[in-house]
Amino acid sequence: MTNPITAPSVDADAALVAQAQGGDAAAFTELVRRHDKKIFRLARHITESDEDAEDVLQESFLKAYSHLGGFEGGSKFYTWLVRIAVNESLMKLRKRKSDKFVSLDEPVETEEENIVREIAVWNSPETKYSQKELRGILDDAVTGLSPIYRAVFVLRDIEELSIEETAAILDLSVAAVKTRLLRARLQLREKLTRIFKRKGDDLLAYL
Amino acid sequence: MLTCKDFLTSLSDYLDQTADADARRKVEDHINSCPNCWVVHDTTKKTVQIYKGLEPQTLPDDVQDRLMAALEKKMARGST
């Protein structure tokens with residue numbers, strides 16, 4: 001991928017938060033504009049629904065606005081916002097699947113080596129697929145993960161939070177985040193390898 | 001020498017560069033002598049990279065409009 005990752009600067013966020021806390025509505029609107037795309041993407045990944053994601057998007061920013069006075073700047077604004085959005089998303093998920101309680105705490109049972117089956121090198125997906133096609137493939141692969149893996153992968157590898165931040169937001173131990181992250185990565189690798197492998201390459205790919 | 005199973009367990013820390021020098025060397029020794037694990041390492045690394053490089057899409061116009069409308073309504077009520 002050629003585009004550099006444009007992470008909004010943390011310092012600029014802090015300045016905007018201070019202005020917004022002082023009653024500057026335009027500063028809060030700017031904070032929304034900086035982060036709305038990522039919050040919507042996060043909510044879509046966790047809820048797997050455009051409609052729920054839109055609700056989460058609105059509710060998260062409205063909550064952030066209401067509680068901004070209590071935000072102390074000990075953590076990054078974005079991390080604080082993600083925490084609100086993750087909680088809203090999980091609430092949606094639980095409401096929708098009320099017959100099947102969604103728990104992020106359930107034990108992981110699959111052994112890593114049972115996840116790995118496809119051993120084949122990739123045939124440069126970045127040049128074979130358009131951005132749009134690639135996005136579709138990547139989104140579908142994440143959607144196929146179970147919630148306990150999905151939330152960890154999305155926070156750590158898509159939103160690029162640290163292991164510790166991911167653990168704090170999901171109320172999991174660092175060790176649990178690491179185990180889930182590895183398994184999520186291996187499951188995605190498996191799905192993507194099936195799509196991206198060179199034809200006829202399979203087992204002897206490396207010879 | 002790591003077994004293939006040990007290699008898999010260490011893979012995330014290795015890719016995140018949180019493994020210490022000794023652990024890194026063990027992973028490198030293993031993948032340099034085990035072609036299958038080299039491929040697993042390479043494709044897992046690419047999996048992580050391809051997601052990290054993904055820019056969020058801009059919000060659909062109507063979603064953005066409804067967000068801003070909800071926000072303006074809230075701000076007009078002045079609830080900070």
# chains A, B, ... in the order shown; residues from 1 in each chain; ligands from 1

call {"tool": "residues_around", "arguments": {"residues": "Val10 (chain A)", "least_positions_apart": "6", "cutoff": "10 Å", "atoms": "only C-alpha atoms", "output": "list in words"}}
result
Leu16, Lys76, Phe77 and Tyr78 of chain A

call {"tool": "closest_atom_pairs", "arguments": {"of": "chain A", "to": "chain B", "cutoff": "8 Å", "atoms": "only C-alpha atoms", "output": "JSON lines"}}
result
{"residue": "A:Met1", "atom": "CA", "partner": "B:Gly53", "partner_atom": "CA", "distance": 5.7}
{"residue": "A:Thr2", "atom": "CA", "partner": "B:Gly53", "partner_atom": "CA", "distance": 7.9}
{"residue": "A:Asn3", "atom": "CA", "partner": "B:Gly53", "partner_atom": "CA", "distance": 7.2}
{"residue": "A:Pro4", "atom": "CA", "partner": "B:Gly53", "partner_atom": "CA", "distance": 7.3}
{"residue": "A:Ile5", "atom": "CA", "partner": "B:Gly53", "partner_atom": "CA", "distance": 6.5}
{"residue": "A:Gln21", "atom": "CA", "partner": "B:Thr80", "partner_atom": "CA", "distance": 7.7}
{"residue": "A:Gly23", "atom": "CA", "partner": "B:Thr80", "partner_atom": "CA", "distance": 7.7}
{"residue": "A:Ala25", "atom": "CA", "partner": "B:Met75", "partner_atom": "CA", "distance": 7.2}
{"residue": "A:Asp36", "atom": "CA", "partner": "B:Leu59", "partner_atom": "CA", "distance": 7.6}
{"residue": "A:Lys37", "atom": "CA", "partner": "B:Leu59", "partner_atom": "CA", "distance": 5.8}
{"residue": "A:Lys38", "atom": "CA", "partner": "B:Pro56", "partner_atom": "CA", "distance": 5.9}
{"residue": "A:Phe40", "atom": "CA", "partner": "B:Leu59", "partner_atom": "CA", "distance": 7.6}
{"residue": "A:Arg41", "atom": "CA", "partner": "B:Pro56", "partner_atom": "CA", "distance": 6.7}
{"residue": "A:Glu54", "atom": "CA", "partner": "B:Val63", "partner_atom": "CA", "distance": 6.8}
{"residue": "A:Leu57", "atom": "CA", "partner": "B:Leu67", "partner_atom": "CA", "distance": 7.5}
{"residue": "A:Gln58", "atom": "CA", "partner": "B:Leu67", "partner_atom": "CA", "distance": 5.6}
{"residue": "A:Phe61", "atom": "CA", "partner": "B:Leu71", "partner_atom": "CA", "distance": 7.7}
{"residue": "A:Leu62", "atom": "CA", "partner": "B:Leu71", "partner_atom": "CA", "distance": 6.5}
{"residue": "A:Tyr65", "atom": "CA", "partner": "B:Thr80", "partner_atom": "CA", "distance": 6.5}
{"residue": "A:Ser66", "atom": "CA", "partner": "B:Thr80", "partner_atom": "CA", "distance": 5.1}
{"residue": "A:His67", "atom": "CA", "partner": "B:Thr80", "partner_atom": "CA", "distance": 7.0}
{"residue": "A:Leu68", "atom": "CA", "partner": "B:Thr80", "partner_atom": "CA", "distance": 6.9}
{"residue": "A:Gly69", "atom": "CA", "partner": "B:Thr80", "partner_atom": "CA", "distance": 6.5}
{"residue": "A:Glu112", "atom": "CA", "partner": "B:Leu8", "partner_atom": "CA", "distance": 6.8}
{"residue": "A:Glu113", "atom": "CA", "partner": "B:Lys5", "partner_atom": "CA", "distance": 6.5}
{"residue": "A:Val116", "atom": "CA", "partner": "B:Val40", "partner_atom": "CA", "distance": 8.0}
{"residue": "A:Ile119", "atom": "CA", "partner": "B:Val39", "partner_atom": "CA", "distance": 6.4}
{"residue": "A:Ala120", "atom": "CA", "partner": "B:Val39", "partner_atom": "CA", "distance": 6.5}
{"residue": "A:Val121", "atom": "CA", "partner": "B:Val39", "partner_atom": "CA", "distance": 6.2}
{"residue": "A:Trp122", "atom": "CA", "partner": "B:Thr43", "partner_atom": "CA", "distance": 7.0}
{"residue": "A:Arg135", "atom": "CA", "partner": "B:Leu54", "partner_atom": "CA", "distance": 7.7}
{"residue": "A:Leu138", "atom": "CA", "partner": "B:Tyr51", "partner_atom": "CA", "distance": 7.4}
{"residue": "A:Asp157", "atom": "CA", "partner": "B:Lys52", "partner_atom": "CA", "distance": 6.1}
{"residue": "A:Ile158", "atom": "CA", "partner": "B:Lys52", "partner_atom": "CA", "distance": 5.5}
{"residue": "A:Glu159", "atom": "CA", "partner": "B:Lys52", "partner_atom": "CA", "distance": 7.9}
{"residue": "A:Glu160", "atom": "CA", "partner": "B:Lys52", "partner_atom": "CA", "distance": 7.4}
{"residue": "A:Lys178", "atom": "CA", "partner": "B:Ser12", "partner_atom": "CA", "distance": 7.6}
{"residue": "A:Leu181", "atom": "CA", "partner": "B:Ser12", "partner_atom": "CA", "distance": 7.6}
{"residue": "A:Leu182", "atom": "CA", "partner": "B:Ser12", "partner_atom": "CA", "distance": 5.6}
{"residue": "A:Arg185", "atom": "CA", "partner": "B:Thr44", "partner_atom": "CA", "distance": 6.6}
{"residue": "A:Leu186", "atom": "CA", "partner": "B:Thr44", "partner_atom": "CA", "distance": 6.6}
{"residue": "A:Leu188", "atom": "CA", "partner": "B:Thr47", "partner_atom": "CA", "distance": 7.0}
{"residue": "A:Arg189", "atom": "CA", "partner": "B:Thr44", "partner_atom": "CA", "distance": 5.5}
{"residue": "A:Leu192", "atom": "CA", "partner": "B:Thr47", "partner_atom": "CA", "distance": 7.6}
{"residue": "A:Thr193", "atom": "CA", "partner": "B:Thr43", "partner_atom": "CA", "distance": 7.4}
{"residue": "A:Tyr206", "atom": "CA", "partner": "B:Pro35", "partner_atom": "CA", "distance": 6.5}

call {"tool": "write_last_selection", "arguments": {"atoms": "N, CA and C atoms", "output": "compact mmCIF listing (two decimals), in the first residue's frame"}}
result
# COMPACT_ATOMS: atom_id res chain seq x y z
N MET A 1 0.83 -1.19 0.00
CA MET A 1 0.00 0.00 0.00
C MET A 1 0.87 1.25 0.00
N THR A 2 0.50 2.22 -0.80
CA THR A 2 1.40 3.36 -0.97
C THR A 2 1.11 4.51 -0.03
N ASN A 3 -0.15 4.66 0.37
CA ASN A 3 -0.46 5.81 1.23
C ASN A 3 0.14 5.66 2.61
N PRO A 4 0.81 6.70 3.08
CA PRO A 4 1.28 6.64 4.46
C PRO A 4 0.10 6.72 5.42
N ILE A 5 0.27 6.18 6.58
CA ILE A 5 -0.82 6.23 7.56
C ILE A 5 -0.87 7.64 8.15
N GLN A 21 -13.33 21.88 25.87
CA GLN A 21 -13.72 21.88 27.29
C GLN A 21 -14.04 23.31 27.75
N GLY A 23 -15.64 25.32 26.02
CA GLY A 23 -16.91 25.72 25.43
C GLY A 23 -16.86 26.03 23.94
N ALA A 25 -17.39 25.04 20.55
CA ALA A 25 -18.08 23.96 19.83
C ALA A 25 -17.35 23.60 18.54
N ASP A 36 -14.03 10.61 12.91
CA ASP A 36 -15.29 9.92 12.60
C ASP A 36 -15.11 8.71 11.67
N LYS A 37 -14.21 8.82 10.71
CA LYS A 37 -14.01 7.70 9.76
C LYS A 37 -13.54 6.44 10.48
N LYS A 38 -12.58 6.65 11.39
CA LYS A 38 -12.02 5.49 12.08
C LYS A 38 -13.02 4.89 13.07
N PHE A 40 -16.25 4.97 12.76
CA PHE A 40 -17.28 4.26 11.97
C PHE A 40 -16.73 2.91 11.51
N ARG A 41 -15.49 2.89 11.07
CA ARG A 41 -14.89 1.63 10.62
C ARG A 41 -14.81 0.62 11.77
N GLU A 54 -23.68 3.13 12.43
CA GLU A 54 -24.07 4.55 12.41
C GLU A 54 -24.60 4.98 13.77
N LEU A 57 -21.64 5.36 16.01
CA LEU A 57 -20.91 6.58 15.66
C LEU A 57 -21.54 7.79 16.34
N GLN A 58 -22.85 7.92 16.19
CA GLN A 58 -23.54 9.08 16.79
C GLN A 58 -23.49 9.03 18.31
N PHE A 61 -19.96 9.90 19.82
CA PHE A 61 -19.57 11.31 19.84
C PHE A 61 -20.48 12.14 20.75
N LEU A 62 -21.75 11.77 20.83
CA LEU A 62 -22.64 12.50 21.74
C LEU A 62 -22.22 12.25 23.19
N TYR A 65 -19.09 14.14 23.92
CA TYR A 65 -19.40 15.56 24.13
C TYR A 65 -19.94 15.78 25.54
N SER A 66 -20.87 14.94 25.95
CA SER A 66 -21.47 15.10 27.28
C SER A 66 -20.45 14.92 28.40
N HIS A 67 -19.49 14.00 28.19
CA HIS A 67 -18.55 13.66 29.26
C HIS A 67 -17.20 14.32 29.12
N LEU A 68 -17.10 15.24 28.17
CA LEU A 68 -15.79 15.84 27.90
C LEU A 68 -15.23 16.55 29.13
N GLY A 69 -16.12 17.11 29.93
CA GLY A 69 -15.68 17.80 31.14
C GLY A 69 -14.93 16.87 32.08
N GLU A 112 -2.64 -23.22 18.15
CA GLU A 112 -2.15 -22.45 17.00
C GLU A 112 -1.86 -23.34 15.79
N GLU A 113 -1.22 -24.48 16.05
CA GLU A 113 -0.80 -25.26 14.88
C GLU A 113 -1.98 -25.87 14.11
N VAL A 116 -3.03 -23.32 11.22
CA VAL A 116 -2.19 -23.18 10.04
C VAL A 116 -2.31 -24.40 9.13
N ILE A 119 0.08 -23.48 3.29
CA ILE A 119 1.45 -22.98 3.26
C ILE A 119 1.76 -22.61 1.81
N ALA A 120 1.63 -21.33 1.49
CA ALA A 120 1.90 -20.90 0.12
C ALA A 120 2.24 -19.43 0.13
N VAL A 121 3.17 -19.01 -0.72
CA VAL A 121 3.52 -17.59 -0.78
C VAL A 121 2.42 -16.83 -1.51
N TRP A 122 2.40 -15.50 -1.28
CA TRP A 122 1.36 -14.67 -1.89
C TRP A 122 1.83 -14.13 -3.23
N ARG A 135 -10.05 -4.01 -0.26
CA ARG A 135 -10.78 -3.61 0.95
C ARG A 135 -11.92 -4.60 1.23
N LEU A 138 -10.44 -7.90 2.52
CA LEU A 138 -9.92 -7.76 3.88
C LEU A 138 -11.06 -7.62 4.89
N ASP A 157 -4.39 -4.23 15.35
CA ASP A 157 -3.76 -4.20 14.03
C ASP A 157 -4.43 -3.26 13.04
N ILE A 158 -5.67 -2.88 13.27
CA ILE A 158 -6.28 -1.91 12.36
C ILE A 158 -6.22 -0.51 12.98
N GLU A 159 -6.65 -0.39 14.24
CA GLU A 159 -6.58 0.93 14.89
C GLU A 159 -5.19 1.21 15.46
N GLU A 160 -4.36 0.21 15.47
CA GLU A 160 -2.98 0.34 15.90
C GLU A 160 -2.79 0.86 17.32
N LYS A 178 -2.62 -11.09 23.84
CA LYS A 178 -1.56 -11.65 22.99
C LYS A 178 -1.99 -12.97 22.36
N LEU A 181 -4.64 -12.25 19.76
CA LEU A 181 -4.07 -11.55 18.61
C LEU A 181 -3.35 -12.54 17.69
N LEU A 182 -2.55 -13.40 18.27
CA LEU A 182 -1.83 -14.39 17.47
C LEU A 182 -2.81 -15.27 16.69
N ARG A 185 -4.50 -13.31 13.91
CA ARG A 185 -3.59 -13.10 12.79
C ARG A 185 -3.44 -14.38 11.97
N LEU A 186 -3.31 -15.51 12.66
CA LEU A 186 -3.14 -16.78 11.95
C LEU A 186 -4.40 -17.17 11.18
N LEU A 188 -6.59 -15.07 9.93
CA LEU A 188 -6.68 -14.17 8.77
C LEU A 188 -5.65 -14.56 7.71
N ARG A 189 -4.46 -14.92 8.16
CA ARG A 189 -3.42 -15.37 7.24
C ARG A 189 -3.92 -16.56 6.42
N LEU A 192 -6.62 -15.33 3.92
CA LEU A 192 -6.03 -14.51 2.85
C LEU A 192 -5.13 -15.35 1.95
N THR A 193 -4.44 -16.32 2.55
CA THR A 193 -3.56 -17.17 1.73
C THR A 193 -4.37 -17.95 0.71
N TYR A 206 8.07 -22.70 -1.81
CA TYR A 206 9.34 -22.12 -1.39
C TYR A 206 10.53 -22.78 -2.06

call {"tool": "select_by_dssp", "arguments": {"residues": "region 11-83 of chain A", "states": "alpha helix (DSSP H)", "output": "PyMOL selection string"}}
result
chain A and resi 11-21+25-47+50-67+77-83

call {"tool": "residues_around", "arguments": {"residues": "Ile137 (chain A)", "least_positions_apart": "3", "cutoff": "12 Å", "atoms": "only C-alpha atoms", "output": "number ranges by chain"}}
result
A: 125-126, 129-134, 140-144, 188, 191-196; B: 47, 50-51, 54

call {"tool": "closest_residue", "arguments": {"among": "A:Ala168, A:Ala18, A:Arg44, A:Gly136", "to": "Val154 (chain A)", "atoms": "only C-alpha atoms"}}
result
A:Arg44

call {"tool": "atom_distance", "arguments": {"atom1": "CA of Ala53 (chain A)", "atom2": "CA of Leu90 (chain A)"}}
result
10.8 Å

call {"tool": "atom_distance", "arguments": {"atom1": "CA of Leu42 (chain A)", "atom2": "CA of Ser60 (chain A)"}}
result
11.6 Å

call {"tool": "atom_distance", "arguments": {"atom1": "CA of Asp29 (chain B)", "atom2": "CA of Tyr14 (chain B)"}}
result
12.5 Å
